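Have a look at the structure below before the remarks.
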Amino acid sequence: MIAAIAGRFAMLVLVVWMAASVNFLIPRLADRNPVAERLAQVAAQGGSLSGIDEMVKSYEARFGLDRPLWQQYLGYLGDLARFDLGYSISNYPMRVADQIALALPWTIGLLGTATLVAFAVGSILGALAGWRRGPALARLVLPAFMVLSAIPFYLVGLVFVYVFAYRLEWFPTGGGYTLGSEPTLTVGFVLDLVGHALLPAFSIVIASIGFWALAMRSMMVTIEGEDYVLFAEAKGLKGWRLFWTYGVRNALLPQVTTLALALGKVVTGAVLVEMVFGYPGLGNLLFESVKLNDYFTIYGCVIVLVLTVAVTMLLLDLIVPLLDPRARRRAS
Amino acid sequence: MRINRRDAMALAGVAGVAAAWPAGAQETRTVARGRTLIVGGMAEAPTWTNFQNANYYAAGVDLRNGLMYASEPLFWYNLFKDELIPWLAEGHSWNGDFTQLTIRIRAGAAWSDGRPFTARDVAFTYNMLIENGNGAKNLRKAVDVAQRVERAVVVDDRTVRIELKFPDPRHLFIHPTSYYAHGLYWVPEHVWKDVEDKAAFTFFDIAKGWPLTTSAWSVARVNQTEIVLDRRADWWGAKTGFHEMPAVERIVVVPGGARDRVVQMLATNQIDTAADIQDPNLMLELMRRNPKVTSFTGTKPPIGNLDWWPTSLYFNGADPQWGDVRVRRAIMHAINAQQVTEVTSSGMNDVSHSPFPAFPPLVPFIDGVKDIARKYGIGTFDVAATERLMREAGYAKDSGGFWAKDGKRAGGAMHGIPLLNQVGPVLQQQLRRAGFDVTFFATPDSRRIMMNGECPLMVFGHNGGSINDPLATLEMYHSKSLTPVGRPTFFMARFSNAEFDRAVDPIVGMAPGDPRIMAQVRAAMEVWYRELPEVPIQQWYHRIPMNTTHWTNWPTETNAYMPPAVNFESTPVFVAYKLKPVA
Amino acid sequence: MAHRLEIDGVRRVFPGRAFGGPSVVALHGLSLTLDGARPEIVAVVGESGSGKSTLAQIALGLDDPSAGTVRFDGTSLGRMDEGGRVRFRRAVQAVLQDPFSSFNPFYRVEHAAILALVRFGLAPDRRAARSILADACEAVGLNPADTLGRFPHELSGGQRQRLMVARAMAMRPAVLVADEPVSMVDASLRATILAHLAAMRDAQGVSIIYVTHDLTTAYQVADRLIVLYRGHVVETGTPEEVLKAPAHPYTRLLVDSVPWPDLARPWGRVPKVADGAPVADGCPFRGRCPDATAVCARMPGPAVLSPTRTVRCHLHRSPPA
Amino acid sequence: MTGVAVRRGAVRIGITGVRRYLARNPSLAWGLALAAGLVLFMAGGSLAWDTTLAEPLSAPVARPPSWAHPFGTDTQGRDLLAVMIVGTRLTLKIGMIAGGIGVLVGAAVGFTAAYAGGRIDAAIRTLTDVLLTVPALLFLIVVASSLKGEITSTTMGLMIAALSWMAPARQIRAQALVLRGAPYVVMARLGGMRGTEIVLREMLPNLLPFLMASFVLALAQAILASVGLEALGLGAQDEPTLGMTVYWMMSYSAFVRGFWWWIAAPIVALCLVFVALYLVTAGLDEIANPRLKRRVVA
């Protein structure tokens with residue numbers, strides 16, 4: 001068992017290392033100089049570009065960008081091993097770790113919550129629709145949600161923003177909270193936060209319920225045919241008990257696996273939602289740093305993504321067998 | 001970092017994660033909305049980046065996020081009235097040959113830690129930059145300062161003498177005066193002299209009172225979505241009776257983010273002013289939705305104030321296909337600038353026929369070369385002329401209907417910054433209709449491609465150009481500004497002409513307002529119009545929304561005490577001093 | 001020419017996943033020789049997981065042993081040249097368990113057989129191949145007109161399995177591996193199919209490895225019986241010897257579990273443990289064995305009870321020579 | 001087994017058979033109907049409407065729908081009906097290039113991995129997993145940068161294709177692994193067939209419905225990716241794809257100015273495309289995965 005965990009962990013390190021290496025190389029393939037670009041951008045405010053070449057050289061030395069690529073690569077791996085993400089090039093002397101720490105709560109708060117809500121609602125809806133004795137209503141609304149799930153949620157978001165924020169003015173058009181209000185942990189402020197998160201969250205939920213419902217429904221259909229359910233039914237188990245203890249509980253496990261992966265991906269896949277709703281999360285940070293080719297911030301964001309997905313996978317591999325006797329048997 | 005953690009915590013609360021509130025979180029006092037100025041700042045992203053950096057000379061700084069309110073210049077300049085407004089300085093004097101500029105510091109000026117603001121701070125700032133510009137070269141503006149200034153000498157606490165490397169009658173407007181993006185920021189000697197690595201210094205620590213400021217507001221708290229500055233009771237200006245205490249008690253600067261969001265926030269009175277809305281129709285819509293919002297000219301065209309960036313189509317001088325002036329002219333005649341302004345601004349941006357912004361001090365020069373412009377047919381949309389010139393230049397239309405010579409089509413990629421997204425596609429279409437195979441791109445990479453000279457055509461505005469004197473714009477076409485392809489420059493025409501240089505050179509030694517300048521400008525523009533390094537298209541207007549719900553006395557056409565643009569570093573500070581509360 | 005297939009000391013270990021995970025030993029050094037000069041049916045019996053299907057795969061050359069060799073006409077499969085491979089491929093054929101999925105649903109039923117007949121030079125062209133197959137069909141009691149040219153789903157399970165046997169006959173192999181050929185066929189057809197297999201042995205001289213979990217059919221057709229438990233050969237002998245007087249406790253368990261039509265026989269002895277945990281060494285069956293003692297922690301050596309009979313159990317010892 | 005029975009419907013095509021099959025698989029029927037509608041709109045539109053009106057300066061600016069411009073016009077004088085006709089085609093073109101290459105490369109890689117097994121399989125699997133971590137955004141901007149920003153709808157499709165093969169490769173590998181052990185594949189090996197021949201002759205035909213479903217899914221994913229990138233302003237700015245229309249609509253404040261027709265046109269078109277593809281995928285899935293016995297959209 002220990003050996004298995006150690007082996008799995010070694011695999012994790014291998015994948016993270018390879019992913020880190022690939023993602024180290026990709027931004028370097030672009031014919032761009034992040035130092036020069038940032039300086040030029042700042043200079044555009046200041047009106048003068050004189051002396052920019054000298055400044056570029058000076059900062060390249062400061063960031064070690066004047067060294068051969070392999071030395072930079074080794075240095076990068078060394079820093080990474082110490083969890084040191086270094087400085088942002090375009091926002092020097094800000095640290096990449098600080099940038100990520102600022103962006104992460106927004107992303108997790110919005111997308112994490114929305115994903116969980118969609119998961120819960122979708123799974124229950126799917127379970128009801130897949131259960132033979134479930135309410136007919138569930139079977140009726142399911143197709144509508146499934147069709148909605150085909151539509152990317154930023155499009156749903158755009159429609160919502162137009163209708164509910166611009167036309168009806170029920171919700172703010174964007175942002176994290178009301179401007180000028182004090183960020184304190186009071187009921188009022190938290191409500192304000194929720195108010196701002198509602199519209200984006202709602203559009204994500206609406207557009208992803210169908211995905212969860214569909215998966216849950218087919219699991220339920222399969223389970224309903226299993227012998228143990230028929231047996232339990234024959235024993236005279238009542239409808240709802242049967243539904244929860246035999247149906248939902250067994251169908252949920254593969255769903256949880258998918259959920260863990262979805263939550264891992266929440267960290268990245270959010271650029272457009274964040275843009276449509278003016279939300280200051282990690283997707284936004286990645287987009288801005290990609291635009292300026294800020295190597296170090298790009299690396300930081302990608303590493304967060306890679307680690308989240310890889311660690312989620314590892315945890316799943318380790319935990320699922322404990323939860324699911326079927327998987328445990330397969331493993332042995 | 002404490003405040004950021006608070007944000008994180010609050011959000012974590014929304015996510016349903018139970019979180020303990022960090023003990024001892026700082027309480028800030030409450031300020032009434034009627035005494036708070038909320039500004040939607042310039043930000044493409046919905047967040048501030050690097051908002052904990054108040055070192056104006058650091059490479060990654062962006063003071064337009066609101067930290068600008070924590071600084072003041074020696075002089076302000078109001079170009080509408082051509083008026084120099086001494087602030088931290090009382091006045092200045094020149095020696096006879098414009099090689100020594102002496103500045104007199106205002107009595108009683110002080111930093112927010114109580115230490116007086118003296119000539120030493122000015123001299124320290126200058127000498128720090130000169131030393132850096134001659135050595136490490138990692139501070140912004142340092143190389144520029146070192147190229148122009150020999151040294152700054154403290155004569156006494158209130159007098160500083162700036163010794164220049166060459167006669168430069170414009171120096172007052174290059175470093176000591178703040179307007180648009182020009183001018184230096186002054187740093188307190190007593191803090192900065194001990195800083196070892198000035199490029200890595202952020203000058204930011206609220207606990208220490210950093211950034212120290214001479215202005216009436218100092219930074220109270222910051223996070224990635226707002227910068228909050230509170231008025232200081234002990235501001236030197238009020239204490240000495242130099243200026244009344246400003247009515248603005250608190251300034252909150254939020255990242256505007258997307259333009260639509262800014263408009264919405266203005267319509268609902270969440271913010272009082274914002275960065276440029278650009279689109280006059282959008283401004284009209286905003287003023288219709290919230291009649292309390294006004295512009296520099298109200299609802300009257302151009303619904304804004306002129307900017308120093310007239311839009312032009314630049315030819316990349318390093319591209320051989322533009323070697324023949326007839327091709328450049330042919331392209332000029334293919335452009336219908338009137339249609340560009342009709343489509344992009346319902347005709348509210350004036351068509352431009354020169355590289356100068358039409359500011360009052362520059363209007364005489366624009367008018368003074370009109371006859372030359374006319375002689376060269378500048379700004380005439382004439383497809384027949386295009387046809388004739390292209391044939392003369394040896395081009396013929398190929399099967400696709402595009403001009404081509406030796407199998408190569410005239411045109412290519414036309415890059416622009418996303419700000420000019422409205423203009424680009426219109427120009428592209430006009431040029432295509434006239435037979436030029438042109439494609440417009442405005443990508444995140446476009447700025448670099450343009451600056452490095454890696455595309456044949458560019459849509460751009462003048463950067464570093466003139467405001468009150470024609471020299472700065474003319475110098476952009478001087479061969480000393482010529483940069484090889486691959487090295488970045490804002491002078492994208494990559495133009496050089498010895499005759500032009502000879503006409504411009506003497507202007508350097510002539511003080512602004514010298515009547516001899518006109519003859520030199522005419523001589524230079526004769527070459528410019530003849531050689532046509534770029535095609536002037538239209539003037540550019542800042543459409544700055546100003547909300548009168550909480551604040552009045554915004555700068556307007558009839559009360560033009562300062563241009564209202566918030567994206568220039570120091571002018572908003574001046575406006576903040578002048579605002580009057582409604583309630 | 002009589003071919004000879006020797007499986008010699010074959011061990012097959014399935015590695016765990018990369019970086020850890022326990023590996024599974026499916027076969028522990030199994031030996032079995034089929035001599036074309038003396039065609040016989042060897043039944044390999046055992047419960048699922050006993051390694052009998054792995055043995056079938058290895059005998060067919062579809063899987064490679066981790067240790068030990070498989071020799072065909074004296075040459076190890078691993079060192080065979082191209083021609084040898086083709087000869088082996090042709091000579092060793094199979095009838096698989098699942099008559100439903102043994103046919104590619106995309107093609108008509110004769111597709112694979114005709115292709116193989118032509119490829120191995122048993123027929124000069126597709127027409128000839130078809131007629132060879134038709135003859136084989138008739139031999140197994142199928143009407144070629146009703147069978148050939150149809151899609152797999154249009155035939156019944158029994159028809160399909162008989163067609164598989166017909167295909168095997170048409171190939172004229174030296175060795176046939178029949179991996180549970182009747183387990184998914186209606187009981188009424190089992191005897192027929194087994195009879196065809198026996199006929200192949202008798203008429204064509206084909207040696208057959210008959211893999212099954214069903215002792216009854218093994219008893220009916222086999223000349224020799226091998227009982228596998230967790231990759232170990234626990235008992236060998238003639239069906240008569242083994243089934244009438246099982247020597248190994250596991251064989252006994254198997255035999256007792258069979259619902260014999262003889263009503264006088266008691267049905268089943270309840271095993272001590274339903275599903276014994278795998279044991280690291282010693283007798284693999286000791287976790288379930290009702291007769292297990294301390295000595296079973298050591299692996300018993302094979303005891304030769306008769307010239308045709310061996311057993312691996314501490315209860316038995318070879319009689320002194 | 002129903003699986004075989006369902007597969008029969010896909011393989012043996014007859015008009016009545018198709019009709020009967022579609023009646024049993026309404027999601028496929030609806031999906032195909034929608035797709036046919038879109039094709040009709042694109043093809044019929046190109047014939048009946050002047051598509052050069054999709055260029056800027058072709059129409060009066062910012063007009064609501066009228067007889068002259070049934071879908072209205074945008075602020076740069078594009079006729080939105082023409083934009084939709086051209087844009088739907090361009091957007092589908094991007095998806096076809098990316099999805100097509102993605103599935104072809106994915107199938108090649110997936111079959112190789114499944115058939116070769118062992119180290120090669122492990123290497124391919126790790127490689128695809130690692131490549132899946134590369135953010136599309138990063139890759140696109142880096143490639144665009146080396147193209148000097150000059151992105152066209154074709155290069156856009158190719159760029160997305162480079163990121164589109166990993167997911168199909170994984171799915172096809174998994175399916176091929178299942179098939180590799182299928183008895184009929186074993187029988188083919190016993191009949192003297194070798195690797196490539198088995199893959200092409202025995203496995204591929206049975207994977208066709210699955211590959212079709214994979215392709216439609218990859219097509220939808222590619223369109224999703226391209227529209228996302230275009231909406232961020234990273235597309236072929238010169239071409240009126242649906243994603244670029246979203247970008248222009250957003251950057252020219254169609255929301256605030258209340259140009260509902262400009263908002264509606266690309267969003268409705270995109271929704272129709274996505275829903276059509278979704279329904280077709282769901283329908284094909286029923287063929288490819290016979291275990292889903294019930295109708296996908298009940």
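Following the order of the structure tokens, chains are lettered A, B, ..., residues in each are numbered from 1, and ligands are numbered from 1.
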Find the residues of chain D that sit at most 8 Å from chain A; for each, write down the nearest two atoms and how far apart they are in Å, to one decimal. Count only C-alpha atoms. Sort by chain, then by number going up, and give it as CSV.
```
residue,atom,partner,partner_atom,distance
D:Thr126,CA,A:Val15,CA,7.2
D:Asp129,CA,A:Val15,CA,8.0
D:Val130,CA,A:Ala19,CA,5.0
D:Leu131,CA,A:Ala19,CA,7.2
D:Thr133,CA,A:Val306,CA,6.2
D:Val134,CA,A:Asn23,CA,6.4
D:Pro135,CA,A:Val302,CA,7.6
D:Leu137,CA,A:Phe287,CA,7.4
D:Leu138,CA,A:Val290,CA,6.0
D:Phe139,CA,A:Ile26,CA,7.0
D:Ile141,CA,A:Val290,CA,7.2
D:Val142,CA,A:Ala30,CA,5.0
D:Val143,CA,A:Ala30,CA,6.9
D:Ser145,CA,A:Ala30,CA,5.9
D:Ser146,CA,A:Ala30,CA,5.8
D:Leu224,CA,A:Pro152,CA,7.0
D:Gly228,CA,A:Leu272,CA,6.8
D:Ala231,CA,A:Leu272,CA,7.9
D:Leu232,CA,A:Leu272,CA,7.3
D:Phe255,CA,A:Tyr162,CA,6.1
D:Val256,CA,A:Tyr166,CA,6.9
D:Ile267,CA,A:Leu155,CA,6.6
D:Leu270,CA,A:Ile151,CA,7.9
D:Cys271,CA,A:Ile151,CA,5.7
D:Phe274,CA,A:Ala150,CA,5.6
D:Val275,CA,A:Ala150,CA,5.6
D:Tyr278,CA,A:Ala150,CA,5.8
D:Leu279,CA,A:Val147,CA,7.9
D:Leu292,CA,A:Ser218,CA,7.1
D:Val297,CA,A:Pro143,CA,5.6
D:Ala298,CA,A:Pro143,CA,6.9
```
Counting only C-alpha atoms, which residues of chain D fall within 12 Å of chain B, and what is the closest atom pair for each with its distance in Å at one decimal, ordered by chain and rising number, as JSON lines?
```
{"residue": "D:Thr52", "atom": "CA", "partner": "B:Gln429", "partner_atom": "CA", "distance": 11.4}
{"residue": "D:Leu53", "atom": "CA", "partner": "B:Gln429", "partner_atom": "CA", "distance": 11.7}
{"residue": "D:Ala54", "atom": "CA", "partner": "B:Gln429", "partner_atom": "CA", "distance": 11.2}
{"residue": "D:Glu55", "atom": "CA", "partner": "B:Gln429", "partner_atom": "CA", "distance": 7.4}
{"residue": "D:Pro56", "atom": "CA", "partner": "B:Val426", "partner_atom": "CA", "distance": 6.4}
{"residue": "D:Leu57", "atom": "CA", "partner": "B:Val426", "partner_atom": "CA", "distance": 6.8}
{"residue": "D:Ser58", "atom": "CA", "partner": "B:Gln429", "partner_atom": "CA", "distance": 9.4}
{"residue": "D:Ala59", "atom": "CA", "partner": "B:Val343", "partner_atom": "CA", "distance": 10.7}
{"residue": "D:Pro60", "atom": "CA", "partner": "B:Val343", "partner_atom": "CA", "distance": 9.0}
{"residue": "D:Val61", "atom": "CA", "partner": "B:Val343", "partner_atom": "CA", "distance": 7.2}
{"residue": "D:Ala62", "atom": "CA", "partner": "B:Val343", "partner_atom": "CA", "distance": 9.8}
{"residue": "D:Asp74", "atom": "CA", "partner": "B:Val343", "partner_atom": "CA", "distance": 10.6}
{"residue": "D:Thr75", "atom": "CA", "partner": "B:Val343", "partner_atom": "CA", "distance": 7.3}
{"residue": "D:Gln76", "atom": "CA", "partner": "B:Val343", "partner_atom": "CA", "distance": 6.3}
{"residue": "D:Gly77", "atom": "CA", "partner": "B:Val343", "partner_atom": "CA", "distance": 7.9}
{"residue": "D:Arg78", "atom": "CA", "partner": "B:Val426", "partner_atom": "CA", "distance": 10.7}
{"residue": "D:Leu137", "atom": "CA", "partner": "B:Pro444", "partner_atom": "CA", "distance": 11.8}
{"residue": "D:Leu138", "atom": "CA", "partner": "B:Pro444", "partner_atom": "CA", "distance": 11.8}
{"residue": "D:Leu140", "atom": "CA", "partner": "B:Pro444", "partner_atom": "CA", "distance": 11.3}
{"residue": "D:Ile141", "atom": "CA", "partner": "B:Pro444", "partner_atom": "CA", "distance": 8.1}
{"residue": "D:Val142", "atom": "CA", "partner": "B:Asp445", "partner_atom": "CA", "distance": 9.4}
{"residue": "D:Val143", "atom": "CA", "partner": "B:Asp445", "partner_atom": "CA", "distance": 10.9}
{"residue": "D:Ala144", "atom": "CA", "partner": "B:Asp445", "partner_atom": "CA", "distance": 8.2}
{"residue": "D:Ser145", "atom": "CA", "partner": "B:Asp445", "partner_atom": "CA", "distance": 6.3}
{"residue": "D:Ser146", "atom": "CA", "partner": "B:Asp445", "partner_atom": "CA", "distance": 9.7}
{"residue": "D:Leu147", "atom": "CA", "partner": "B:Asp445", "partner_atom": "CA", "distance": 10.2}
{"residue": "D:Lys148", "atom": "CA", "partner": "B:Ile449", "partner_atom": "CA", "distance": 6.9}
{"residue": "D:Gly149", "atom": "CA", "partner": "B:Thr443", "partner_atom": "CA", "distance": 6.3}
{"residue": "D:Glu150", "atom": "CA", "partner": "B:Phe441", "partner_atom": "CA", "distance": 6.9}
{"residue": "D:Ile151", "atom": "CA", "partner": "B:Phe441", "partner_atom": "CA", "distance": 8.4}
{"residue": "D:Thr152", "atom": "CA", "partner": "B:Thr439", "partner_atom": "CA", "distance": 10.2}
{"residue": "D:Leu229", "atom": "CA", "partner": "B:Thr443", "partner_atom": "CA", "distance": 11.5}
{"residue": "D:Glu230", "atom": "CA", "partner": "B:Thr443", "partner_atom": "CA", "distance": 10.6}
{"residue": "D:Leu232", "atom": "CA", "partner": "B:Thr443", "partner_atom": "CA", "distance": 9.8}
{"residue": "D:Gly233", "atom": "CA", "partner": "B:Thr443", "partner_atom": "CA", "distance": 6.9}
{"residue": "D:Leu234", "atom": "CA", "partner": "B:Thr443", "partner_atom": "CA", "distance": 6.2}
{"residue": "D:Gly235", "atom": "CA", "partner": "B:Thr443", "partner_atom": "CA", "distance": 8.4}
{"residue": "D:Ala236", "atom": "CA", "partner": "B:Phe441", "partner_atom": "CA", "distance": 8.1}
{"residue": "D:Gln237", "atom": "CA", "partner": "B:Phe441", "partner_atom": "CA", "distance": 6.1}
{"residue": "D:Asp238", "atom": "CA", "partner": "B:Thr439", "partner_atom": "CA", "distance": 6.4}
{"residue": "D:Glu239", "atom": "CA", "partner": "B:Thr439", "partner_atom": "CA", "distance": 9.8}
{"residue": "D:Pro240", "atom": "CA", "partner": "B:Pro425", "partner_atom": "CA", "distance": 11.3}
{"residue": "D:Tyr247", "atom": "CA", "partner": "B:Asn421", "partner_atom": "CA", "distance": 10.9}
{"residue": "D:Trp248", "atom": "CA", "partner": "B:Asn421", "partner_atom": "CA", "distance": 8.9}
{"residue": "D:Met249", "atom": "CA", "partner": "B:Asp260", "partner_atom": "CA", "distance": 11.1}
{"residue": "D:Met250", "atom": "CA", "partner": "B:Asp260", "partner_atom": "CA", "distance": 8.3}
{"residue": "D:Ser251", "atom": "CA", "partner": "B:Arg259", "partner_atom": "CA", "distance": 7.9}
{"residue": "D:Tyr252", "atom": "CA", "partner": "B:Gln422", "partner_atom": "CA", "distance": 8.2}
{"residue": "D:Ser253", "atom": "CA", "partner": "B:Asp260", "partner_atom": "CA", "distance": 5.8}
{"residue": "D:Ala254", "atom": "CA", "partner": "B:Asp260", "partner_atom": "CA", "distance": 8.7}
{"residue": "D:Phe255", "atom": "CA", "partner": "B:Asp260", "partner_atom": "CA", "distance": 7.4}
{"residue": "D:Val256", "atom": "CA", "partner": "B:Asp260", "partner_atom": "CA", "distance": 6.3}
{"residue": "D:Arg257", "atom": "CA", "partner": "B:Glu285", "partner_atom": "CA", "distance": 6.5}
{"residue": "D:Gly258", "atom": "CA", "partner": "B:Glu285", "partner_atom": "CA", "distance": 9.4}
{"residue": "D:Phe259", "atom": "CA", "partner": "B:Leu282", "partner_atom": "CA", "distance": 11.7}
```
All residues 8 Å or closer to Pro266 in chain D, only C-alpha atoms, same chain fewer than 4 positions away omitted, as a PyMOL selection string: chain D and resi 84+242-243+245-246+262+270
Please provide the set of residues having any atom within 10 Å of Met164 in chain C, restricted to only C-alpha atoms, with same-chain residues fewer than 6 positions apart removed, written as an NGL selection string. (:C and (94-96 or 99 or 102-103 or 109-110 or 113 or 137 or 140 or 158 or 170 or 181)) or (:D and (187))
Selection to disk with all heavy atoms, as a CSV table (one decimal), in the first residue's frame:
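Output file again.csv is given in full below:
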```
chain,number,residue,atom,x,y,z
C,94,ALA,N,-8.4,-21.8,-32.9
C,94,ALA,CA,-9.2,-21.7,-31.7
C,94,ALA,C,-10.7,-21.7,-32.0
C,94,ALA,O,-11.1,-21.3,-33.0
C,94,ALA,CB,-8.8,-20.5,-30.9
C,95,VAL,N,-11.4,-22.2,-31.0
C,95,VAL,CA,-12.8,-21.9,-30.9
C,95,VAL,C,-13.0,-21.1,-29.6
C,95,VAL,O,-12.6,-21.6,-28.5
C,95,VAL,CB,-13.7,-23.2,-30.9
C,95,VAL,CG1,-15.2,-22.8,-30.7
C,95,VAL,CG2,-13.5,-23.9,-32.2
C,96,LEU,N,-13.6,-19.9,-29.6
C,96,LEU,CA,-13.6,-19.1,-28.4
C,96,LEU,C,-15.0,-19.3,-27.8
C,96,LEU,O,-15.9,-19.8,-28.3
C,96,LEU,CB,-13.3,-17.7,-28.8
C,96,LEU,CG,-12.0,-17.4,-29.4
C,96,LEU,CD1,-11.8,-15.9,-29.7
C,96,LEU,CD2,-10.8,-18.0,-28.5
C,99,PRO,N,-19.9,-16.9,-28.8
C,99,PRO,CA,-20.3,-17.1,-30.2
C,99,PRO,C,-20.8,-15.7,-30.7
C,99,PRO,O,-20.9,-15.6,-31.9
C,99,PRO,CB,-21.3,-18.2,-30.2
C,99,PRO,CG,-21.9,-18.1,-28.8
C,99,PRO,CD,-20.8,-17.7,-27.9
C,102,SER,N,-17.5,-13.4,-31.5
C,102,SER,CA,-16.4,-14.0,-32.3
C,102,SER,C,-16.5,-13.6,-33.8
C,102,SER,O,-15.6,-13.8,-34.5
C,102,SER,CB,-16.4,-15.5,-32.2
C,102,SER,OG,-16.1,-15.8,-30.9
C,103,PHE,N,-17.6,-13.0,-34.1
C,103,PHE,CA,-17.8,-12.5,-35.5
C,103,PHE,C,-17.8,-11.0,-35.5
C,103,PHE,O,-18.4,-10.4,-34.7
C,103,PHE,CB,-19.1,-13.0,-36.1
C,103,PHE,CG,-19.1,-14.5,-36.3
C,103,PHE,CD1,-19.6,-15.3,-35.2
C,103,PHE,CD2,-18.6,-15.1,-37.4
C,103,PHE,CE1,-19.6,-16.7,-35.4
C,103,PHE,CE2,-18.7,-16.5,-37.6
C,103,PHE,CZ,-19.1,-17.3,-36.6
C,109,VAL,N,-20.8,-13.4,-42.0
C,109,VAL,CA,-20.1,-14.3,-41.1
C,109,VAL,C,-18.9,-15.1,-41.6
C,109,VAL,O,-18.0,-15.4,-40.9
C,109,VAL,CB,-21.1,-15.4,-40.6
C,109,VAL,CG1,-22.1,-14.8,-39.6
C,109,VAL,CG2,-21.9,-16.0,-41.7
C,110,GLU,N,-18.9,-15.2,-43.0
C,110,GLU,CA,-17.8,-16.0,-43.5
C,110,GLU,C,-16.5,-15.2,-43.7
C,110,GLU,O,-15.4,-15.7,-44.1
C,110,GLU,CB,-18.2,-16.7,-44.8
C,110,GLU,CG,-18.5,-15.7,-46.0
C,110,GLU,CD,-19.9,-15.2,-46.0
C,110,GLU,OE1,-20.5,-15.2,-44.9
C,110,GLU,OE2,-20.3,-14.7,-47.1
C,113,ALA,N,-13.2,-16.3,-41.9
C,113,ALA,CA,-12.7,-17.6,-42.3
C,113,ALA,C,-12.2,-17.7,-43.7
C,113,ALA,O,-11.1,-18.2,-44.0
C,113,ALA,CB,-13.9,-18.6,-42.2
C,137,CYS,N,-19.3,-26.7,-43.0
C,137,CYS,CA,-20.6,-26.3,-42.4
C,137,CYS,C,-21.5,-27.6,-42.4
C,137,CYS,O,-22.1,-27.9,-41.4
C,137,CYS,CB,-21.3,-25.3,-43.2
C,137,CYS,SG,-20.7,-23.6,-42.9
C,140,VAL,N,-20.7,-30.0,-39.8
C,140,VAL,CA,-21.2,-29.7,-38.4
C,140,VAL,C,-22.8,-29.5,-38.4
C,140,VAL,O,-23.3,-29.0,-37.4
C,140,VAL,CB,-20.6,-28.4,-37.8
C,140,VAL,CG1,-19.1,-28.7,-37.6
C,140,VAL,CG2,-20.9,-27.2,-38.6
C,158,GLY,N,-26.2,-20.9,-31.3
C,158,GLY,CA,-25.8,-22.3,-31.6
C,158,GLY,C,-25.2,-22.3,-33.0
C,158,GLY,O,-24.2,-23.0,-33.3
C,170,ALA,N,-12.3,-26.4,-41.2
C,170,ALA,CA,-11.8,-26.0,-42.5
C,170,ALA,C,-10.3,-25.6,-42.5
C,170,ALA,O,-9.6,-25.8,-43.5
C,170,ALA,CB,-12.7,-24.8,-43.0
C,181,PRO,N,-15.9,-23.6,-25.2
C,181,PRO,CA,-16.6,-23.4,-26.4
C,181,PRO,C,-18.1,-23.6,-26.2
C,181,PRO,O,-18.9,-23.2,-27.1
C,181,PRO,CB,-16.1,-24.6,-27.3
C,181,PRO,CG,-15.5,-25.5,-26.3
C,181,PRO,CD,-15.0,-24.8,-25.1
D,187,MET,N,-9.8,-13.7,-33.5
D,187,MET,CA,-10.0,-14.6,-34.6
D,187,MET,C,-9.3,-14.1,-35.9
D,187,MET,O,-8.7,-14.8,-36.6
D,187,MET,CB,-11.5,-14.7,-35.0
D,187,MET,CG,-12.3,-15.5,-33.9
D,187,MET,SD,-11.6,-17.0,-33.3
D,187,MET,CE,-11.6,-18.0,-34.8
```
At a cut-off of 9 Å, using only C-alpha atoms, what residues contact Leu362 in chain B? Leave out same-chain residues fewer than 6 positions from it and give the result as a list in words.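 Those residues are Phe356, Ser466, Ile467, Asn468, Asp469 and Pro470 of chain B.
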How about saving the chosen residues, C-alpha atoms kept, as an mmCIF file, in the first residue's frame?
```
data_model
loop_
_atom_site.group_PDB
_atom_site.id
_atom_site.type_symbol
_atom_site.label_atom_id
_atom_site.label_comp_id
_atom_site.auth_asym_id
_atom_site.auth_seq_id
_atom_site.Cartn_x
_atom_site.Cartn_y
_atom_site.Cartn_z
ATOM 1 C CA PHE B 356 -0.159 68.290 -34.784
ATOM 2 C CA SER B 466 3.738 68.409 -29.252
ATOM 3 C CA ILE B 467 1.375 70.138 -26.874
ATOM 4 C CA ASN B 468 2.298 73.802 -26.793
ATOM 5 C CA ASP B 469 5.198 73.954 -29.205
ATOM 6 C CA PRO B 470 5.740 72.182 -32.551
#
```
